[in-house]
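Right, one structure below, let's go through it.
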Amino acid sequence: MSDPDQRPACRLYLITPPRFEPRAFADTFKAALDAGDVASLQLRLKGDNEAPPAADDIRYATEILMPLARERDVAFIINDRPDLAAELDADGVHVGQDDMSCREARKLVGPDRAVGVTCHSSRHLAMEAGEAGADYVAFGAFYETDTKIPISKAEPEILTWWANLFVLPCVAIGGITVANAAPLVRAGADFLAVSSGVWAHEDGPAAAVRKLNVIMAEESAAR
Ligand SMILES: Cc1ncc(COP(=O)(O)OP(=O)(O)O)c(N)n1
Ligand SMILES: Cc1nc(C(=O)O)sc1CCOP(=O)(O)O
Ligand SMILES: [Mg+2]
């Protein structure tokens, strides 16, 4: 059993927009990271209809954004491509169930980079990922989102179940905004993974990061 009193406060795991021009995006990116506590940033590029991006697009975005993240102690995670995470010396990779197994990803990135695994709303997939050596498990989608067509709908109870049983961190993802983040923190999320809830916030990304930080601090203290 995991001891809820020992669980660190929930932190923000930012996900990039699916499409952006890296040089033009850099100032927005810096403003978001400078607004408060951001634990990690996932570079998640997608083409039209969620098509995979060209490897060179990932390389170019990493060249621009990873140094900005590193200067701010924000871990830089690459989506879908363990091979590029290793090649580009990123801090980790995120793989989905249809991308690659956790064990294969681990072989490619080595022991020192993080491997995160999508587990949808499945306790079984999450326990499998934990046994396969994942550094975190991700549950979702908790809310409606225009960023991706999710294949599952998750309920906050799965976060509570996980946090009560396992020390391994759990990430909540899918449609999370300032307006709906609190119950997920209260339920036990170690990280909230947020894309449009930050980049498309009506007061701008920096305001969204500040507001999410307040919610995560208050709700973590109350759990
Ligand atoms: C933190 C986090 N959780 C889940 C996902 C989704 O991964 P996947 O199912 O492989 O879908 P794509 O993001 O690749 O479209 C994620 N990227 N990050
Ligand atoms: C990338 C992703 N994965 C999901 C899952 O359910 O696994 S939901 C999702 C979209 C996250 O973006 P936003 O914060 O804009 O909803
Ligand atoms: Mg994927």
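Within each chain, counting starts at residue 1; across the structure tokens, chains are named A, B, ... in the order shown, with ligands numbered 1 upward in that order.
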
Give the residue list for ligand 3 at 8 Å, counting only C-alpha atoms and all ligand atoms, as a compact mmCIF listing (two decimals) with C-alpha atoms, in the first residue's frame, sorted by chain and then by residue number.
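Result saved to part06.txt:
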```
# COMPACT_ATOMS: atom_id res chain seq x y z
CA ASN A 79 5.87 11.69 -27.45
CA ASP A 80 5.71 8.43 -29.43
CA HIS A 94 5.71 8.81 -23.64
CA VAL A 95 4.30 5.77 -25.43
CA GLY A 96 0.70 4.79 -26.09
CA GLN A 97 -0.68 1.26 -26.29
CA ASP A 98 -0.43 1.33 -30.10
CA ASP A 99 3.04 2.91 -30.24
CA THR A 118 -0.92 5.53 -21.70
```

List as a tab-separated table every residue of chain A that is in contact with ligand 2, defined as an atom at most 8 Å from one of its atoms (using only C-alpha atoms and all ligand atoms), together with the nearest atom pair and the distance in Å rounded to one decimal, sorted by chain and then rising number.
```
residue	atom	partner	partner_atom_place_in_ligand_line	distance
A:Ile15	CA	ligand 2	12 (O)	7.0
A:Pro17	CA	ligand 2	15 (O)	7.7
A:Arg44	CA	ligand 2	1 (C)	7.6
A:Gly96	CA	ligand 2	7 (O)	7.7
A:Thr118	CA	ligand 2	7 (O)	5.9
A:Cys119	CA	ligand 2	7 (O)	7.4
A:His120	CA	ligand 2	7 (O)	5.6
A:Ala138	CA	ligand 2	7 (O)	7.1
A:Phe139	CA	ligand 2	7 (O)	6.5
A:Gly140	CA	ligand 2	6 (O)	3.7
A:Ala141	CA	ligand 2	6 (O)	3.5
A:Phe142	CA	ligand 2	6 (O)	7.1
A:Tyr143	CA	ligand 2	16 (O)	7.4
A:Glu144	CA	ligand 2	16 (O)	7.0
A:Thr145	CA	ligand 2	16 (O)	4.4
A:Asp146	CA	ligand 2	16 (O)	6.4
A:Thr147	CA	ligand 2	15 (O)	4.6
A:Lys148	CA	ligand 2	10 (C)	5.0
A:Ile149	CA	ligand 2	8 (S)	7.3
A:Pro150	CA	ligand 2	6 (O)	4.8
A:Ile151	CA	ligand 2	6 (O)	6.7
A:Ser152	CA	ligand 2	6 (O)	6.3
A:Lys153	CA	ligand 2	6 (O)	7.2
A:Ala154	CA	ligand 2	6 (O)	7.9
A:Ile173	CA	ligand 2	8 (S)	5.3
A:Gly174	CA	ligand 2	8 (S)	3.6
A:Gly175	CA	ligand 2	16 (O)	3.4
A:Ile176	CA	ligand 2	14 (O)	5.3
A:Thr177	CA	ligand 2	14 (O)	7.4
A:Ala193	CA	ligand 2	14 (O)	6.4
A:Val194	CA	ligand 2	14 (O)	3.9
A:Ser195	CA	ligand 2	14 (O)	3.7
A:Ser196	CA	ligand 2	15 (O)	3.7
A:Gly197	CA	ligand 2	14 (O)	5.7
A:Val198	CA	ligand 2	14 (O)	7.8
```

Would you write out those residues with N, CA and C atoms, as a CSV table (one decimal), in the first residue's frame?
```csv
chain,number,residue,atom,x,y,z
A,15,ILE,N,1.7,19.8,-22.1
A,15,ILE,CA,1.8,19.1,-23.4
A,15,ILE,C,1.7,20.2,-24.5
A,17,PRO,N,1.0,22.2,-28.0
A,17,PRO,CA,0.0,22.1,-29.0
A,17,PRO,C,0.5,21.1,-30.1
A,44,ARG,N,4.5,17.0,-28.2
A,44,ARG,CA,3.5,16.1,-28.8
A,44,ARG,C,3.1,16.8,-30.1
A,96,GLY,N,2.1,5.3,-26.2
A,96,GLY,CA,0.7,4.8,-26.1
A,96,GLY,C,0.7,3.3,-26.4
A,118,THR,N,0.5,5.3,-21.7
A,118,THR,CA,-0.9,5.5,-21.7
A,118,THR,C,-1.6,4.3,-21.2
A,119,CYS,N,-2.5,4.4,-20.3
A,119,CYS,CA,-3.3,3.3,-19.8
A,119,CYS,C,-4.8,3.4,-19.9
A,120,HIS,N,-5.2,4.5,-20.6
A,120,HIS,CA,-6.6,4.8,-20.8
A,120,HIS,C,-7.4,4.7,-19.4
A,138,ALA,N,-0.4,6.9,-17.2
A,138,ALA,CA,-1.4,8.0,-17.5
A,138,ALA,C,-2.8,7.4,-17.8
A,139,PHE,N,-3.7,8.0,-17.1
A,139,PHE,CA,-5.1,7.7,-17.2
A,139,PHE,C,-5.9,8.8,-17.9
A,140,GLY,N,-6.9,8.5,-18.8
A,140,GLY,CA,-7.7,9.5,-19.5
A,140,GLY,C,-8.6,8.9,-20.4
A,141,ALA,N,-9.4,9.6,-21.1
A,141,ALA,CA,-9.5,11.1,-21.0
A,141,ALA,C,-10.6,11.4,-19.9
A,142,PHE,N,-10.3,12.3,-19.0
A,142,PHE,CA,-11.2,12.6,-17.9
A,142,PHE,C,-12.4,13.6,-18.4
A,143,TYR,N,-12.1,14.4,-19.4
A,143,TYR,CA,-13.1,15.4,-19.8
A,143,TYR,C,-13.1,15.4,-21.4
A,144,GLU,N,-14.1,16.1,-21.9
A,144,GLU,CA,-14.1,16.2,-23.4
A,144,GLU,C,-12.9,17.1,-23.8
A,145,THR,N,-12.4,16.7,-25.0
A,145,THR,CA,-11.2,17.5,-25.5
A,145,THR,C,-11.3,17.5,-27.0
A,146,ASP,N,-10.8,18.6,-27.6
A,146,ASP,CA,-10.7,18.8,-29.0
A,146,ASP,C,-9.3,18.4,-29.5
A,147,THR,N,-8.4,18.2,-28.6
A,147,THR,CA,-7.0,17.9,-29.0
A,147,THR,C,-6.8,16.6,-29.6
A,148,LYS,N,-7.6,15.6,-29.1
A,148,LYS,CA,-7.5,14.2,-29.6
A,148,LYS,C,-8.8,13.5,-29.5
A,149,ILE,N,-9.0,12.5,-30.3
A,149,ILE,CA,-10.2,11.7,-30.2
A,149,ILE,C,-9.8,10.6,-29.2
A,150,PRO,N,-10.3,10.7,-27.9
A,150,PRO,CA,-9.8,9.7,-27.0
A,150,PRO,C,-10.5,8.4,-27.2
A,151,ILE,N,-9.9,7.3,-26.8
A,151,ILE,CA,-10.6,6.0,-27.0
A,151,ILE,C,-11.2,5.5,-25.7
A,152,SER,N,-11.0,6.3,-24.6
A,152,SER,CA,-11.6,5.9,-23.3
A,152,SER,C,-12.0,7.1,-22.5
A,153,LYS,N,-13.0,6.9,-21.6
A,153,LYS,CA,-13.4,7.9,-20.7
A,153,LYS,C,-13.0,7.4,-19.3
A,154,ALA,N,-12.2,8.2,-18.6
A,154,ALA,CA,-11.8,7.8,-17.2
A,154,ALA,C,-12.5,8.6,-16.2
A,173,ILE,N,-5.1,13.0,-17.7
A,173,ILE,CA,-5.0,13.7,-19.0
A,173,ILE,C,-6.4,13.8,-19.6
A,174,GLY,N,-6.6,14.8,-20.5
A,174,GLY,CA,-7.8,14.8,-21.3
A,174,GLY,C,-8.8,15.9,-20.9
A,175,GLY,N,-8.7,17.1,-21.6
A,175,GLY,CA,-9.7,18.1,-21.4
A,175,GLY,C,-9.5,18.9,-20.1
A,176,ILE,N,-8.4,18.8,-19.5
A,176,ILE,CA,-8.2,19.4,-18.1
A,176,ILE,C,-8.0,20.9,-18.3
A,177,THR,N,-8.8,21.7,-17.5
A,177,THR,CA,-8.7,23.1,-17.5
A,177,THR,C,-8.7,23.6,-16.1
A,193,ALA,N,-1.8,16.5,-16.9
A,193,ALA,CA,-1.2,16.7,-18.2
A,193,ALA,C,-2.2,17.6,-19.0
A,194,VAL,N,-1.8,18.8,-19.4
A,194,VAL,CA,-2.7,19.8,-19.9
A,194,VAL,C,-2.1,20.4,-21.2
A,195,SER,N,-2.9,20.4,-22.2
A,195,SER,CA,-2.5,21.1,-23.4
A,195,SER,C,-3.4,22.3,-23.7
A,196,SER,N,-4.6,22.2,-24.3
A,196,SER,CA,-5.4,23.4,-24.6
A,196,SER,C,-5.8,24.2,-23.4
A,197,GLY,N,-5.9,23.5,-22.3
A,197,GLY,CA,-6.3,24.2,-21.1
A,197,GLY,C,-5.3,25.3,-20.7
A,198,VAL,N,-4.1,25.2,-21.2
A,198,VAL,CA,-3.1,26.2,-20.9
A,198,VAL,C,-2.9,27.1,-22.2
```

Among the residues of region 14-179 of chain A, find those DSSP assigns to strand (DSSP E or B) from the backbone and print them as a short mmCIF file (atom, residue, chain, number, x, y, z; two decimals) with C-alpha atoms, in the first residue's frame.
```
data_model
loop_
_atom_site.label_atom_id
_atom_site.label_comp_id
_atom_site.auth_asym_id
_atom_site.auth_seq_id
_atom_site.Cartn_x
_atom_site.Cartn_y
_atom_site.Cartn_z
CA LEU A 14 2.47 20.54 -19.96
CA ILE A 15 1.76 19.11 -23.42
CA SER A 40 7.64 18.46 -17.34
CA LEU A 41 6.86 19.27 -20.93
CA GLN A 42 5.85 16.76 -23.55
CA LEU A 43 6.63 17.56 -27.17
CA ALA A 75 11.93 17.70 -17.88
CA PHE A 76 11.62 17.37 -21.66
CA ILE A 77 9.60 14.33 -22.76
CA ILE A 78 9.13 13.31 -26.41
CA ASN A 79 5.87 11.69 -27.45
CA GLY A 92 12.07 10.73 -21.43
CA VAL A 93 9.45 9.38 -23.78
CA HIS A 94 5.71 8.81 -23.64
CA VAL A 95 4.30 5.77 -25.43
CA ALA A 114 11.72 8.29 -18.06
CA VAL A 115 9.18 6.09 -19.85
CA GLY A 116 5.50 7.01 -19.46
CA VAL A 117 2.68 4.79 -20.68
CA THR A 118 -0.92 5.53 -21.70
CA TYR A 136 4.51 6.80 -14.64
CA VAL A 137 1.11 5.63 -15.82
CA ALA A 138 -1.35 7.96 -17.55
CA PHE A 139 -5.15 7.70 -17.24
CA CYS A 170 -0.11 8.60 -12.01
CA VAL A 171 -0.89 11.27 -14.60
CA ALA A 172 -4.40 12.52 -15.43
CA ILE A 173 -5.02 13.73 -19.00
#
```

Checklist line | Pairwise distance for CA of Ala200 (chain A) and CA of Asn49 (chain A), rounded to one decimal in Å | finding: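 These two atoms are separated by 19.8 Å.
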
Next item on the list: Can you list, as number ranges by chain, all residues belonging to region 41-123 of chain A that DSSP tags as helix (DSSP H, G or I)?
Entry: A: 48-50, 55-71, 82-87, 102-109, 123

Next item on the list: To one decimal in Å, tell me the separation between CA of Pro111 (chain A) and CA of Leu88 (chain A).
Entry: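 Calculated distance between CA of Pro111 (chain A) and CA of Leu88 (chain A) is 15.5 Å.
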
Notebook entry, point to check: If you measure from CA of Leu33 (chain A) to CA of Met66 (chain A), what distance in Å do you get, rounded to one decimal?
Noted result: 12.0 Å

Item checked: Polymer residues at most 9 Å from Ala217 (chain A), only C-alpha atoms, same-chain spacing of 5 or more positions, as a count of residues only -> 5

Item checked: Test item: residues at most 9 Å from Ala55 (chain A), only C-alpha atoms, excluding those fewer than 5 positions along its chain, as a PyMOL selection string -> chain A and resi 60+81+84

Note to self: Set the distance at 12 Å and use only C-alpha atoms: which residues neighbour Arg23 (chain A) once local chain neighbours fewer than 3 positions away are removed? I'd like the list as a list in words.
What the structure shows: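 Here the qualifying residues turn out to be Phe20, Ala26, Asp27, Thr28, Phe29, Lys30, Tyr60, Ala61, Thr62, Glu63, Ile64, Leu65 and Leu68 of chain A.
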
Preceding selection exported with C-alpha atoms as a compact mmCIF listing (two decimals), in the first residue's frame:
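To be explicit, this is the file written out as part.txt:
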```txt
# COMPACT_ATOMS: atom_id res chain seq x y z
CA PHE A 20 3.29 25.12 -34.06
CA ALA A 26 9.37 30.06 -28.21
CA ASP A 27 8.21 33.29 -26.48
CA THR A 28 4.81 31.83 -25.56
CA PHE A 29 6.58 28.71 -24.34
CA LYS A 30 8.98 30.70 -22.12
CA TYR A 60 13.88 20.92 -35.00
CA ALA A 61 11.29 21.57 -32.27
CA THR A 62 13.51 19.79 -29.75
CA GLU A 63 16.52 21.87 -30.78
CA ILE A 64 14.54 25.07 -30.04
CA LEU A 65 12.45 24.05 -27.01
CA LEU A 68 14.50 26.48 -22.84
```

Checklist line | Using only C-alpha atoms: which of A:Ala31, A:Asn164, A:Pro22, A:Ser121 has the shortest distance to Gly204 (chain A) | finding: A:Ala31

Note to self: Between A:Glu157, A:Asp5, A:Asp112, A:Glu21, which residue has the minimum interatomic distance to Asp57 (chain A), considering only C-alpha atoms?
What the structure shows: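 Of the candidates, the smallest distance to Asp57 (chain A) is held by A:Glu21.
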
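When only C-alpha atoms and all ligand atoms are used to measure the gap to ligand 1, the shortest distance among A:Ala69, A:Met100, A:Ala187, A:Ala32 belongs to A:Met100.
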
Item checked: A:Ala54, A:Met127, A:Leu45, A:Ala181 ranked by distance to ligand 1, top pick (using only C-alpha atoms and all ligand atoms) ->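 Counting only C-alpha atoms and all ligand atoms, the residue closest to ligand 1 is A:Leu45.
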
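Here the question is which of A:Ala126, A:Glu155, A:Trp199, A:Val185 gets nearest to Asn213 (chain A) using only C-alpha atoms, and that residue is A:Val185.
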
Item checked: Given only C-alpha atoms and all ligand atoms as the counted atoms, nearest of A:Arg106, A:Arg19, A:Lys46, A:Arg7 to ligand 1 ->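 Ranked by minimum distance to ligand 1, first place goes to A:Lys46.
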
Margin query: Applying 9 Å and only C-alpha atoms, which residues near Arg113 (chain A) remain after dropping the ones on its own chain fewer than 3 positions away? List them as a list in words.
Written below: Ala85, Ala86, Asp89, Ala90, Asp91, Gly92, Val93, Arg106, Val109, Gly110 and Asp135 of chain A

Expected file: the selected residues, C-alpha atoms, as a short mmCIF file (atom, residue, chain, number, x, y, z; two decimals), in the first residue's frame:
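Wrote out-v9.cif, looks like this:
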```cif
data_model
loop_
_atom_site.label_atom_id
_atom_site.label_comp_id
_atom_site.auth_asym_id
_atom_site.auth_seq_id
_atom_site.Cartn_x
_atom_site.Cartn_y
_atom_site.Cartn_z
CA ALA A 85 14.26 10.60 -27.28
CA ALA A 86 17.54 8.67 -27.12
CA ASP A 89 19.09 13.13 -25.32
CA ALA A 90 15.63 14.05 -24.05
CA ASP A 91 14.64 13.30 -20.46
CA GLY A 92 12.07 10.73 -21.43
CA VAL A 93 9.45 9.38 -23.78
CA ARG A 106 12.97 1.09 -22.25
CA VAL A 109 15.96 4.94 -24.14
CA GLY A 110 18.00 3.14 -21.49
CA ASP A 135 8.12 5.62 -14.62
#
```
